[in-house]
Each structure stands twice: as structure tokens, then as C-alpha cells.
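Undergrad: What follows is upload.cif, made up of mmCIF, C-alpha atoms:
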```
data_structure
#
loop_
_atom_site.group_PDB
_atom_site.id
_atom_site.type_symbol
_atom_site.label_atom_id
_atom_site.label_comp_id
_atom_site.auth_asym_id
_atom_site.auth_seq_id
_atom_site.Cartn_x
_atom_site.Cartn_y
_atom_site.Cartn_z
ATOM 1 C CA MET A 29 45.814 4.774 87.093
ATOM 2 C CA GLY A 30 48.445 7.445 86.504
ATOM 3 C CA THR A 31 51.164 8.587 88.844
ATOM 4 C CA ALA A 32 51.054 10.242 92.233
ATOM 5 C CA GLY A 33 51.948 13.868 92.694
ATOM 6 C CA THR A 34 50.577 17.255 91.717
ATOM 7 C CA SER A 35 53.485 18.843 89.853
ATOM 8 C CA THR A 36 53.084 20.207 86.363
ATOM 9 C CA ASP A 37 55.568 17.605 85.122
ATOM 10 C CA ALA A 38 53.469 14.795 86.590
ATOM 11 C CA THR A 39 50.328 15.892 84.796
ATOM 12 C CA VAL A 40 52.056 16.748 81.516
ATOM 13 C CA GLY A 41 53.601 13.280 81.547
ATOM 14 C CA GLU A 42 50.114 11.772 81.333
ATOM 15 C CA ARG A 43 49.336 13.472 78.030
ATOM 16 C CA ARG A 44 50.559 10.681 75.760
ATOM 17 C CA GLN A 45 48.428 8.098 77.545
ATOM 18 C CA LEU A 46 45.375 10.353 77.492
ATOM 19 C CA ILE A 47 45.697 11.019 73.746
ATOM 20 C CA ASN A 48 45.933 7.284 73.082
ATOM 21 C CA VAL A 49 42.843 6.609 75.202
ATOM 22 C CA ALA A 50 40.827 9.428 73.642
ATOM 23 C CA TYR A 51 41.646 8.505 70.037
ATOM 24 C CA ARG A 52 40.553 4.911 70.570
ATOM 25 C CA LEU A 53 37.366 6.127 72.205
ATOM 26 C CA LEU A 54 36.518 8.743 69.572
ATOM 27 C CA GLY A 55 38.267 7.672 66.345
ATOM 28 C CA SER A 56 39.141 11.301 65.635
ATOM 29 C CA LEU A 57 42.484 12.981 66.235
ATOM 30 C CA ALA A 58 40.944 16.439 66.526
ATOM 31 C CA GLU A 59 38.240 15.291 68.931
ATOM 32 C CA ALA A 60 40.785 13.337 70.974
ATOM 33 C CA GLU A 61 42.946 16.432 71.258
ATOM 34 C CA ASP A 62 39.935 18.509 72.302
ATOM 35 C CA ALA A 63 38.954 15.981 74.953
ATOM 36 C CA VAL A 64 42.434 15.924 76.466
ATOM 37 C CA GLN A 65 42.684 19.710 76.349
ATOM 38 C CA GLU A 66 39.360 19.934 78.184
ATOM 39 C CA ALA A 67 40.608 17.534 80.864
ATOM 40 C CA TYR A 68 43.746 19.611 81.392
ATOM 41 C CA ALA A 69 41.709 22.830 81.448
ATOM 42 C CA ARG A 70 39.587 21.396 84.252
ATOM 43 C CA TRP A 71 42.707 20.283 86.117
ATOM 44 C CA TYR A 72 44.344 23.702 85.950
ATOM 45 C CA ALA A 73 41.057 25.341 86.967
ATOM 46 C CA LEU A 74 41.172 23.498 90.289
ATOM 47 C CA PRO A 75 42.453 25.444 93.296
ATOM 48 C CA ARG A 76 45.960 24.428 94.303
ATOM 49 C CA SER A 77 44.602 23.042 97.562
ATOM 50 C CA ARG A 78 42.237 20.740 95.653
ATOM 51 C CA GLN A 79 45.028 19.559 93.359
ATOM 52 C CA GLU A 80 47.120 18.644 96.397
ATOM 53 C CA GLU A 81 44.260 16.522 97.756
ATOM 54 C CA ILE A 82 44.249 14.368 94.609
ATOM 55 C CA VAL A 83 46.530 11.380 95.213
ATOM 56 C CA SER A 84 46.846 10.441 91.527
ATOM 57 C CA PRO A 85 46.561 13.280 88.994
ATOM 58 C CA GLY A 86 46.839 10.714 86.196
ATOM 59 C CA ALA A 87 43.795 8.836 87.464
ATOM 60 C CA TRP A 88 41.887 12.094 87.820
ATOM 61 C CA LEU A 89 42.789 13.194 84.292
ATOM 62 C CA THR A 90 41.839 9.790 82.872
ATOM 63 C CA THR A 91 38.474 9.926 84.623
ATOM 64 C CA VAL A 92 37.740 13.391 83.280
ATOM 65 C CA THR A 93 38.967 12.507 79.779
ATOM 66 C CA GLY A 94 36.787 9.389 79.813
ATOM 67 C CA ARG A 95 33.727 11.398 80.819
ATOM 68 C CA VAL A 96 34.401 14.039 78.166
ATOM 69 C CA CYS A 97 34.760 11.286 75.557
ATOM 70 C CA LEU A 98 31.567 9.620 76.770
ATOM 71 C CA ASP A 99 29.660 12.880 76.254
ATOM 72 C CA ALA A 100 31.342 13.378 72.873
ATOM 73 C CA LEU A 101 30.359 9.882 71.738
ATOM 74 C CA GLY A 102 26.735 10.620 72.519
ATOM 75 C CA SER A 103 26.694 13.829 70.472
ATOM 76 C CA ALA A 104 28.806 12.256 67.716
ATOM 77 C CA ARG A 105 26.028 9.797 66.912
ATOM 78 C CA ALA A 106 23.698 12.681 66.066
ATOM 79 C CA ARG A 107 26.382 14.477 64.036
ATOM 80 C CA ARG A 108 27.228 11.359 62.058
ATOM 81 C CA GLU A 109 23.598 10.866 61.124
ATOM 82 C CA ARG A 110 23.935 14.180 59.255
ATOM 83 C CA TYR A 111 27.350 13.298 57.820
ATOM 84 C CA VAL A 112 27.442 13.032 54.033
ATOM 85 C CA GLY A 113 28.153 9.389 53.198
ATOM 86 C CA ALA A 114 29.923 6.970 55.510
ATOM 87 C CA TRP A 115 31.974 8.206 58.477
ATOM 88 C CA LEU A 116 35.329 6.502 59.073
ATOM 89 C CA PRO A 117 37.916 6.998 61.816
ATOM 90 C CA ASP A 118 40.915 9.206 61.080
ATOM 91 C CA PRO A 119 43.706 7.213 59.398
ATOM 92 C CA LEU A 120 47.081 7.292 61.137
ATOM 93 C CA PRO A 121 50.436 7.352 59.337
ATOM 94 C CA ALA A 122 53.551 5.692 60.694
ATOM 95 C CA HIS A 123 55.586 8.146 62.748
ATOM 96 C CA ALA A 124 58.387 8.188 60.177
ATOM 97 C CA GLU A 125 55.913 9.013 57.411
ATOM 98 C CA ARG A 126 54.461 12.148 58.940
ATOM 99 C CA GLY A 127 55.273 15.436 57.351
ATOM 100 C CA PRO A 128 57.017 18.434 58.892
ATOM 101 C CA GLY A 129 55.057 21.221 60.493
ATOM 102 C CA HIS A 130 52.614 19.096 62.487
ATOM 103 C CA GLY A 131 54.245 19.509 65.862
ATOM 104 C CA ALA A 132 54.248 16.725 68.403
ATOM 105 C CA ASP A 133 50.485 16.216 68.717
ATOM 106 C CA PRO A 134 48.397 14.272 68.489
ATOM 107 C CA ALA A 135 49.337 11.690 65.844
ATOM 108 C CA ASP A 136 52.965 11.542 66.993
ATOM 109 C CA GLN A 137 51.729 10.395 70.394
ATOM 110 C CA MET A 138 49.938 7.335 69.034
ATOM 111 C CA VAL A 139 50.993 3.811 69.939
ATOM 112 C CA LEU A 140 50.323 1.906 66.715
ATOM 113 C CA ASP A 141 49.064 -1.502 67.778
ATOM 114 C CA GLU A 142 46.121 -3.768 66.986
ATOM 115 C CA SER A 143 43.738 -1.479 68.866
ATOM 116 C CA VAL A 144 44.148 1.296 66.271
ATOM 117 C CA THR A 145 43.748 -0.759 63.101
ATOM 118 C CA MET A 146 40.859 0.459 60.977
ATOM 119 C CA ALA A 147 39.153 -2.919 61.348
ATOM 120 C CA PHE A 148 39.243 -2.633 65.147
ATOM 121 C CA LEU A 149 38.136 1.004 65.230
ATOM 122 C CA VAL A 150 35.193 0.287 62.930
ATOM 123 C CA VAL A 151 34.008 -2.435 65.305
ATOM 124 C CA LEU A 152 34.279 0.048 68.176
ATOM 125 C CA GLU A 153 31.960 2.344 66.220
ATOM 126 C CA SER A 154 29.232 -0.324 66.423
ATOM 127 C CA MET A 155 29.227 -0.226 70.236
ATOM 128 C CA THR A 156 27.193 1.966 72.539
ATOM 129 C CA PRO A 157 29.224 4.773 74.123
ATOM 130 C CA ALA A 158 29.227 3.004 77.496
ATOM 131 C CA GLU A 159 30.310 -0.312 75.956
ATOM 132 C CA ARG A 160 33.116 1.399 74.096
ATOM 133 C CA VAL A 161 34.444 3.166 77.182
ATOM 134 C CA ALA A 162 34.278 0.031 79.336
ATOM 135 C CA PHE A 163 35.888 -2.175 76.693
ATOM 136 C CA VAL A 164 38.670 0.201 75.613
ATOM 137 C CA LEU A 165 39.684 1.133 79.140
ATOM 138 C CA HIS A 166 39.587 -2.434 80.469
ATOM 139 C CA ASP A 167 40.581 -4.672 77.564
ATOM 140 C CA VAL A 168 42.987 -2.308 75.806
ATOM 141 C CA PHE A 169 44.438 -0.254 78.673
ATOM 142 C CA ARG A 170 43.869 -2.726 81.514
ATOM 143 C CA TYR A 171 42.145 -0.287 83.856
ATOM 144 C CA PRO A 172 40.192 -2.016 86.644
ATOM 145 C CA PHE A 173 36.414 -1.962 86.551
ATOM 146 C CA ALA A 174 36.384 -0.149 89.888
ATOM 147 C CA ASP A 175 38.018 2.850 88.193
ATOM 148 C CA ILE A 176 35.868 2.569 85.059
ATOM 149 C CA ALA A 177 32.781 2.614 87.277
ATOM 150 C CA GLY A 178 33.721 6.121 88.363
ATOM 151 C CA ILE A 179 33.825 7.263 84.741
ATOM 152 C CA LEU A 180 30.573 5.634 83.660
ATOM 153 C CA ARG A 181 28.870 6.287 86.998
ATOM 154 C CA ARG A 182 27.787 2.652 87.145
ATOM 155 C CA THR A 183 28.698 -0.269 89.376
ATOM 156 C CA PRO A 184 31.826 -2.280 88.623
ATOM 157 C CA ALA A 185 29.595 -5.292 87.888
ATOM 158 C CA ALA A 186 27.615 -3.274 85.322
ATOM 159 C CA CYS A 187 30.856 -2.095 83.700
ATOM 160 C CA LYS A 188 32.056 -5.692 83.525
ATOM 161 C CA GLN A 189 28.856 -6.642 81.696
ATOM 162 C CA LEU A 190 29.300 -3.750 79.251
ATOM 163 C CA ALA A 191 32.838 -4.874 78.456
ATOM 164 C CA ALA A 192 31.681 -8.462 77.999
ATOM 165 C CA SER A 193 29.002 -7.343 75.526
ATOM 166 C CA ALA A 194 31.567 -5.295 73.622
ATOM 167 C CA ARG A 195 33.968 -8.235 73.611
ATOM 168 C CA ARG A 196 31.348 -10.405 71.931
ATOM 169 C CA ARG A 197 30.998 -7.788 69.184
ATOM 170 C CA VAL A 198 34.750 -7.830 68.627
ATOM 171 C CA ARG A 199 34.912 -11.624 68.492
ATOM 172 C CA GLY A 200 32.018 -11.740 66.041
ATOM 173 C CA ALA A 201 33.633 -9.237 63.688
ATOM 174 C CA ARG A 202 37.284 -10.204 63.972
ATOM 175 C CA ALA A 203 38.772 -11.959 60.946
ATOM 176 C CA PRO A 204 41.524 -14.582 61.325
ATOM 177 C CA GLN A 205 44.913 -13.016 61.937
ATOM 178 C CA THR A 206 46.949 -12.582 58.766
ATOM 179 C CA PRO A 207 50.763 -12.330 58.975
ATOM 180 C CA ALA A 208 52.063 -8.858 58.157
ATOM 181 C CA ALA A 209 54.154 -10.151 55.259
ATOM 182 C CA VAL A 210 51.116 -11.804 53.645
ATOM 183 C CA ARG A 211 49.015 -8.695 54.162
ATOM 184 C CA ALA A 212 51.719 -6.508 52.623
ATOM 185 C CA ASP A 213 52.034 -8.817 49.623
ATOM 186 C CA VAL A 214 48.280 -8.764 48.982
ATOM 187 C CA VAL A 215 48.164 -4.970 49.238
ATOM 188 C CA ARG A 216 51.110 -4.720 46.845
ATOM 189 C CA GLN A 217 49.303 -6.936 44.348
ATOM 190 C CA VAL A 218 46.182 -4.772 44.634
ATOM 191 C CA LYS A 219 48.286 -1.719 43.891
ATOM 192 C CA GLU A 220 49.833 -3.340 40.806
ATOM 193 C CA ALA A 221 46.483 -4.589 39.509
ATOM 194 C CA TRP A 222 44.936 -1.143 39.986
ATOM 195 C CA GLN A 223 47.787 0.550 38.172
ATOM 196 C CA THR A 224 47.457 -1.807 35.199
ATOM 197 C CA LYS A 225 43.636 -1.693 35.342
ATOM 198 C CA ASP A 226 43.614 -5.485 35.504
ATOM 199 C CA ILE A 227 40.041 -6.213 36.574
ATOM 200 C CA ALA A 228 40.556 -9.975 36.493
ATOM 201 C CA ALA A 229 43.511 -9.711 38.849
ATOM 202 C CA LEU A 230 41.567 -7.411 41.173
ATOM 203 C CA VAL A 231 38.626 -9.811 41.271
ATOM 204 C CA ASP A 232 41.012 -12.627 42.162
ATOM 205 C CA LEU A 233 42.518 -10.561 44.999
ATOM 206 C CA LEU A 234 39.148 -9.564 46.445
ATOM 207 C CA ASP A 235 36.960 -11.867 48.485
ATOM 208 C CA PRO A 236 33.608 -12.398 46.701
ATOM 209 C CA ALA A 237 31.887 -10.899 49.739
ATOM 210 C CA ALA A 238 34.330 -8.000 50.127
ATOM 211 C CA VAL A 239 33.001 -4.564 51.095
ATOM 212 C CA MET A 240 34.493 -1.151 50.298
ATOM 213 C CA THR A 241 33.488 1.853 52.416
ATOM 214 C CA ALA A 242 34.566 5.387 51.524
ATOM 215 C CA ASP A 243 34.593 8.619 53.538
ATOM 216 C CA GLY A 244 34.631 11.870 51.592
ATOM 217 C CA GLY A 245 32.694 13.897 54.132
ATOM 218 C CA GLY A 246 30.765 15.561 51.328
ATOM 219 C CA MET A 247 33.916 17.510 50.478
ATOM 220 C CA VAL A 248 35.245 15.341 47.651
ATOM 221 C CA GLY A 249 33.667 12.863 45.271
ATOM 222 C CA THR A 250 33.434 9.256 46.403
ATOM 223 C CA ALA A 251 30.947 6.422 46.756
ATOM 224 C CA LEU A 252 28.319 7.499 49.278
ATOM 225 C CA ARG A 253 27.296 3.954 50.140
ATOM 226 C CA PRO A 254 29.390 0.839 50.727
ATOM 227 C CA ILE A 255 30.165 -1.165 47.588
ATOM 228 C CA GLU A 256 29.555 -4.852 48.160
ATOM 229 C CA GLY A 257 31.058 -7.777 46.255
ATOM 230 C CA GLY A 258 34.540 -8.300 44.900
ATOM 231 C CA ALA A 259 33.505 -7.976 41.250
ATOM 232 C CA ARG A 260 31.687 -4.679 41.819
ATOM 233 C CA ILE A 261 34.600 -3.282 43.812
ATOM 234 C CA ALA A 262 37.057 -4.291 41.079
ATOM 235 C CA GLN A 263 34.952 -2.547 38.438
ATOM 236 C CA TYR A 264 34.695 0.562 40.595
ATOM 237 C CA MET A 265 38.461 0.627 41.185
ATOM 238 C CA ALA A 266 39.142 0.205 37.472
ATOM 239 C CA ALA A 267 36.766 3.073 36.694
ATOM 240 C CA VAL A 268 38.613 5.275 39.173
ATOM 241 C CA ALA A 269 41.928 4.301 37.564
ATOM 242 C CA ASP A 270 40.614 5.436 34.180
ATOM 243 C CA LYS A 271 39.965 8.921 35.572
ATOM 244 C CA ALA A 272 42.988 9.135 37.850
ATOM 245 C CA LEU A 273 45.335 11.102 35.630
ATOM 246 C CA GLY A 274 48.527 11.923 37.478
ATOM 247 C CA LEU A 275 47.523 9.900 40.541
ATOM 248 C CA GLU A 276 50.337 7.907 42.145
ATOM 249 C CA LEU A 277 49.830 4.960 44.500
ATOM 250 C CA LEU A 278 52.288 4.405 47.349
ATOM 251 C CA GLU A 279 52.594 1.563 49.830
ATOM 252 C CA ARG A 280 52.338 3.025 53.308
ATOM 253 C CA SER A 281 51.544 1.927 56.829
ATOM 254 C CA VAL A 282 47.950 2.874 57.711
ATOM 255 C CA ASN A 283 47.072 2.581 61.394
ATOM 256 C CA GLY A 284 50.001 0.251 61.855
ATOM 257 C CA VAL A 285 49.295 -2.193 59.011
ATOM 258 C CA PRO A 286 50.055 -2.193 55.252
ATOM 259 C CA GLY A 287 47.873 0.158 53.227
ATOM 260 C CA LEU A 288 47.940 2.452 50.230
ATOM 261 C CA VAL A 289 48.171 6.202 49.805
ATOM 262 C CA ALA A 290 47.217 8.019 46.610
ATOM 263 C CA ARG A 291 48.793 11.378 45.900
ATOM 264 C CA ARG A 292 48.744 13.911 43.111
ATOM 265 C CA ASP A 293 51.439 16.560 42.685
ATOM 266 C CA GLY A 294 52.851 15.634 46.094
ATOM 267 C CA ALA A 295 49.547 16.075 47.944
ATOM 268 C CA VAL A 296 47.852 13.088 49.593
ATOM 269 C CA MET A 297 44.353 12.675 48.168
ATOM 270 C CA THR A 298 43.316 9.274 49.534
ATOM 271 C CA VAL A 299 44.342 6.830 52.258
ATOM 272 C CA ALA A 300 43.149 3.220 51.990
ATOM 273 C CA ALA A 301 43.218 0.594 54.732
ATOM 274 C CA PHE A 302 42.669 -3.111 54.100
ATOM 275 C CA ASP A 303 41.576 -6.187 55.988
ATOM 276 C CA VAL A 304 42.956 -9.451 54.606
ATOM 277 C CA ALA A 305 41.898 -13.037 55.314
ATOM 278 C CA ASP A 306 42.989 -16.235 53.576
ATOM 279 C CA GLY A 307 45.098 -14.258 51.109
ATOM 280 C CA ARG A 308 42.230 -12.061 49.910
ATOM 281 C CA VAL A 309 40.981 -8.581 50.728
ATOM 282 C CA THR A 310 37.761 -8.699 52.742
ATOM 283 C CA ARG A 311 37.347 -5.019 53.608
ATOM 284 C CA ILE A 312 38.623 -1.750 52.173
ATOM 285 C CA TRP A 313 38.225 1.557 53.986
ATOM 286 C CA VAL A 314 38.943 4.599 51.845
ATOM 287 C CA VAL A 315 39.384 7.996 53.514
ATOM 288 C CA ARG A 316 39.236 10.996 51.167
ATOM 289 C CA ASN A 317 37.898 13.687 53.497
ATOM 290 C CA PRO A 318 40.744 16.251 53.388
ATOM 291 C CA GLU A 319 40.074 17.255 56.991
ATOM 292 C CA LYS A 320 41.209 13.770 58.043
ATOM 293 C CA LEU A 321 44.408 13.727 55.983
ATOM 294 C CA GLY A 322 46.284 16.534 57.720
ATOM 295 C CA PRO A 323 49.068 14.361 59.202
ATOM 296 C CA TRP A 324 49.792 12.683 55.864
ATOM 297 C CA VAL A 325 52.463 13.441 53.277
ATOM 298 C CA GLY A 326 53.279 11.511 50.148
#
```
Can I see the file as C-alpha cells?

TA:
Amino acid sequence: MGTAGTSTDATVGERRQLINVAYRLLGSLAEAEDAVQEAYARWYALPRSRQEEIVSPGAWLTTVTGRVCLDALGSARARRERYVGAWLPDPLPAHAERGPGHGADPADQMVLDESVTMAFLVVLESMTPAERVAFVLHDVFRYPFADIAGILRRTPAACKQLAASARRRVRGARAPQTPAAVRADVVRQVKEAWQTKDIAALVDLLDPAAVMTADGGGMVGTALRPIEGGARIAQYMAAVADKALGLELLERSVNGVPGLVARRDGAVMTVAAFDVADGRVTRIWVVRNPEKLGPWVG
């Protein structure tokens, strides 16, 4: 893992990879940034002689970042039990859709692929911390189990079993792949039906067993529990539309796939991600917590 050498440039060059690893492990941009900063702080705290003994600074930084994330995942479970309503991962805008003034980190560093879709990240949330670390590092970033063993302080065979368990969770939750064009068309139709308050059209676009989960963090009003069933979701969306004076819906990329952004007076109020199967919406994840919308602009 990483590159050989102990120069500042060598370690700084690892930052993009570390941010991508940490976000997938934690689901939070701020926590990912903190984890990577902690890893670099520990690196720079090493005596120069110790740094020179380390053959691969990138591997060292990845190990430390992984351990910091592992600890953070353990404490996050307790924090999220106290979280008001459902907790969802931070939504990511496309690079071209980020606003000015956010610098280069950390959202600009993200590689937007299948492993950052909201559907994938939510499945990761169902794993134990050790499963998540083993699976993300091996299956997403292709790190060998021998290296992951050093992070988890377990044998390579035990890490392989953890990744296999996590893989079964992913297979059990993964919906059939939907072409991007079909997904975008369904999301566009949802937008149009919402804007016209067409409940019948919304019901037709939603799978009967669809589930909507919203994250307001206790800071803004939203449904505190998941809403289950296409008809109930359609009624809820129509009720929101009735109260949404001045709210504008925009089609935007959310974590690399088609989604919707709601803004009022130029400020982003809501980001919605969708999972689509067989031409219908099966899951909706709605993020309204303003602390998670920092990278977004209308």
C-alpha cells in the first residue's frame, strides 16, 4: 500500500486516497477529514529517524487512518443512538456542482463510484466496524488481507472471514443494476409529479414496498421514522409540496447517481438520493441536516 519514501511530497500525495478510504469507512466528510488529519499528525510527530525506517509511508498512513476510523466507528454507534431521528451518510455533490469557498477538501477529493452511492453506504452502516474495515479495504480498495490484519489486529484468515460476512450483507441488500439513463428518467418523473402534486403519478413511480428515510439531525423538521409503502410516501410528499412555498427542485448528481436537490432563495435545504429497480423507486434517502449540506449549492 502507498509509495516508498519519506519526503513530505510522498506523504501529502497519499491524502486523496486516505480521504476516500475514510469517507467510505465513516460516511461523514467531517469525520473522514478528522481521521486523516489525525493520521498525518501522528506521522509528523514521529522522529525523523523513525520516518526513515518506514519503507512505505502510504502503507503506514493507511494503517493509522484505518485504526482511527475503527475507533471512530465504535464510538459513532453510541452517538447515533442519541441522534434525533435517522442518521444518514453525508451526501456528495458532483465536483462541478460544488460551490466556491470550500477549498480542495474533502469532497473535492472523492472518487464518485458505486462504493459511495447512498444505497451502498447505508448497507455499510449495517456492518460491524471490523466487517466494514475489512470489506472496504479489501473489496473496494483491493488491499491484501495481510495488510488489513495489521489494522484490525487479527489474523489474515479472520479478516477474510469478516469480509466474506460483509459481502453477504451487500449481496442480500443490493438491488438489480439500473442503467443511469433509466434512473435519471424515473427521478425526473418523480420531480415533475411532486411539482404538480400528482399523487397518482407518484404512487405509480414508487414501488409498493418503497421506504423513505429522512435525516434532519433534530435541527430541521422531517419524518423521524422511515415511511414505508409507496402510497404513504406519495401522500407525505404531496403534503410537503403543499407547504413548500418558494421551494425549487433541481436534478443533481447525488453520490454519483441521479438525485434531487431542493433549494429556497438560492440555499440548498434538502438533498434526496434514490434507489431504482424495475423502473420504480424502491428507496429514498432525504438529507436535511444543514451540517451535512455544506458542500452543496443550488

Undergrad: Which one is closest to A:Gly244: A:Asp226, A:Glu42, A:Glu81, A:Asp118? Count all atoms listed in the file.

TA: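 Result for the nearest residue to A:Gly244: A:Asp118.
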
Undergrad: The PyMOL selection byres ((chain A and resi 101) around 10) - which residues does that actually catch in the file I just gave you? List them as a list in words.

TA: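 Selection result, ordered by chain and number: Leu53, Leu54, Gly55, Glu59, Arg95, Val96, Cys97, Leu98, Asp99, Ala100, Gly102, Ser103, Ala104, Arg105, Ala106, Arg107, Glu153, Thr156, Pro157, Ala158, Arg160 and Val161 of chain A.
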
Undergrad: Give me, as number ranges by chain, all polymer residues having an atom no more than 9 Å from A:Val168, counting only C-alpha atoms and skipping those fewer than 4 positions away in the same chain.

TA: A: 49, 143, 163-164

Undergrad: Quick one: distance from atom CA of A:Leu116 to atom CA of A:Asp175 in Å, one decimal?

TA: 29.5 Å

Undergrad: Select, from A:Pro75, A:Gly307, A:Pro204, A:Gly274, the residue with the minimum atom-to-atom distance to A:Ala147, counting all atoms listed in the file.

TA: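 Nearest candidate to A:Ala147 out of A:Pro75, A:Gly307, A:Pro204, A:Gly274: A:Pro204.
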
Undergrad: Please write as a PDB file with C-alpha atoms, in the frame of the given file the full residue list that the PyMOL selection byres ((chain A and resi 117) around 12) yields on this file.

TA:
```pdb
ATOM      1  CA  TYR A  51      41.646   8.505  70.037  1.00  0.00           C
ATOM      2  CA  ARG A  52      40.553   4.911  70.570  1.00  0.00           C
ATOM      3  CA  LEU A  53      37.366   6.127  72.205  1.00  0.00           C
ATOM      4  CA  LEU A  54      36.518   8.743  69.572  1.00  0.00           C
ATOM      5  CA  GLY A  55      38.267   7.672  66.345  1.00  0.00           C
ATOM      6  CA  SER A  56      39.141  11.301  65.635  1.00  0.00           C
ATOM      7  CA  LEU A  57      42.484  12.981  66.235  1.00  0.00           C
ATOM      8  CA  ALA A  58      40.944  16.439  66.526  1.00  0.00           C
ATOM      9  CA  GLU A  59      38.240  15.291  68.931  1.00  0.00           C
ATOM     10  CA  ALA A  60      40.785  13.337  70.974  1.00  0.00           C
ATOM     11  CA  ARG A 108      27.228  11.359  62.058  1.00  0.00           C
ATOM     12  CA  ALA A 114      29.923   6.970  55.510  1.00  0.00           C
ATOM     13  CA  TRP A 115      31.974   8.206  58.477  1.00  0.00           C
ATOM     14  CA  LEU A 116      35.329   6.502  59.073  1.00  0.00           C
ATOM     15  CA  ASP A 118      40.915   9.206  61.080  1.00  0.00           C
ATOM     16  CA  PRO A 119      43.706   7.213  59.398  1.00  0.00           C
ATOM     17  CA  LEU A 120      47.081   7.292  61.137  1.00  0.00           C
ATOM     18  CA  VAL A 144      44.148   1.296  66.271  1.00  0.00           C
ATOM     19  CA  THR A 145      43.748  -0.759  63.101  1.00  0.00           C
ATOM     20  CA  MET A 146      40.859   0.459  60.977  1.00  0.00           C
ATOM     21  CA  ALA A 147      39.153  -2.919  61.348  1.00  0.00           C
ATOM     22  CA  PHE A 148      39.243  -2.633  65.147  1.00  0.00           C
ATOM     23  CA  LEU A 149      38.136   1.004  65.230  1.00  0.00           C
ATOM     24  CA  VAL A 150      35.193   0.287  62.930  1.00  0.00           C
ATOM     25  CA  VAL A 151      34.008  -2.435  65.305  1.00  0.00           C
ATOM     26  CA  LEU A 152      34.279   0.048  68.176  1.00  0.00           C
ATOM     27  CA  GLU A 153      31.960   2.344  66.220  1.00  0.00           C
ATOM     28  CA  THR A 241      33.488   1.853  52.416  1.00  0.00           C
ATOM     29  CA  ALA A 242      34.566   5.387  51.524  1.00  0.00           C
ATOM     30  CA  ASP A 243      34.593   8.619  53.538  1.00  0.00           C
ATOM     31  CA  GLY A 244      34.631  11.870  51.592  1.00  0.00           C
ATOM     32  CA  GLY A 245      32.694  13.897  54.132  1.00  0.00           C
ATOM     33  CA  VAL A 282      47.950   2.874  57.711  1.00  0.00           C
ATOM     34  CA  ASN A 283      47.072   2.581  61.394  1.00  0.00           C
ATOM     35  CA  VAL A 299      44.342   6.830  52.258  1.00  0.00           C
ATOM     36  CA  ALA A 300      43.149   3.220  51.990  1.00  0.00           C
ATOM     37  CA  ALA A 301      43.218   0.594  54.732  1.00  0.00           C
ATOM     38  CA  TRP A 313      38.225   1.557  53.986  1.00  0.00           C
ATOM     39  CA  VAL A 314      38.943   4.599  51.845  1.00  0.00           C
ATOM     40  CA  VAL A 315      39.384   7.996  53.514  1.00  0.00           C
ATOM     41  CA  ARG A 316      39.236  10.996  51.167  1.00  0.00           C
ATOM     42  CA  ASN A 317      37.898  13.687  53.497  1.00  0.00           C
ATOM     43  CA  GLU A 319      40.074  17.255  56.991  1.00  0.00           C
ATOM     44  CA  LYS A 320      41.209  13.770  58.043  1.00  0.00           C
ATOM     45  CA  LEU A 321      44.408  13.727  55.983  1.00  0.00           C
TER      46      LEU A 321
END
```

Undergrad: Quick check, in Å to one decimal: how far apart do atom CA of A:Pro172 and atom CA of A:Arg43 lie?

TA: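 Computed distance, atom CA of A:Pro172 to atom CA of A:Arg43, equals 19.9 Å.
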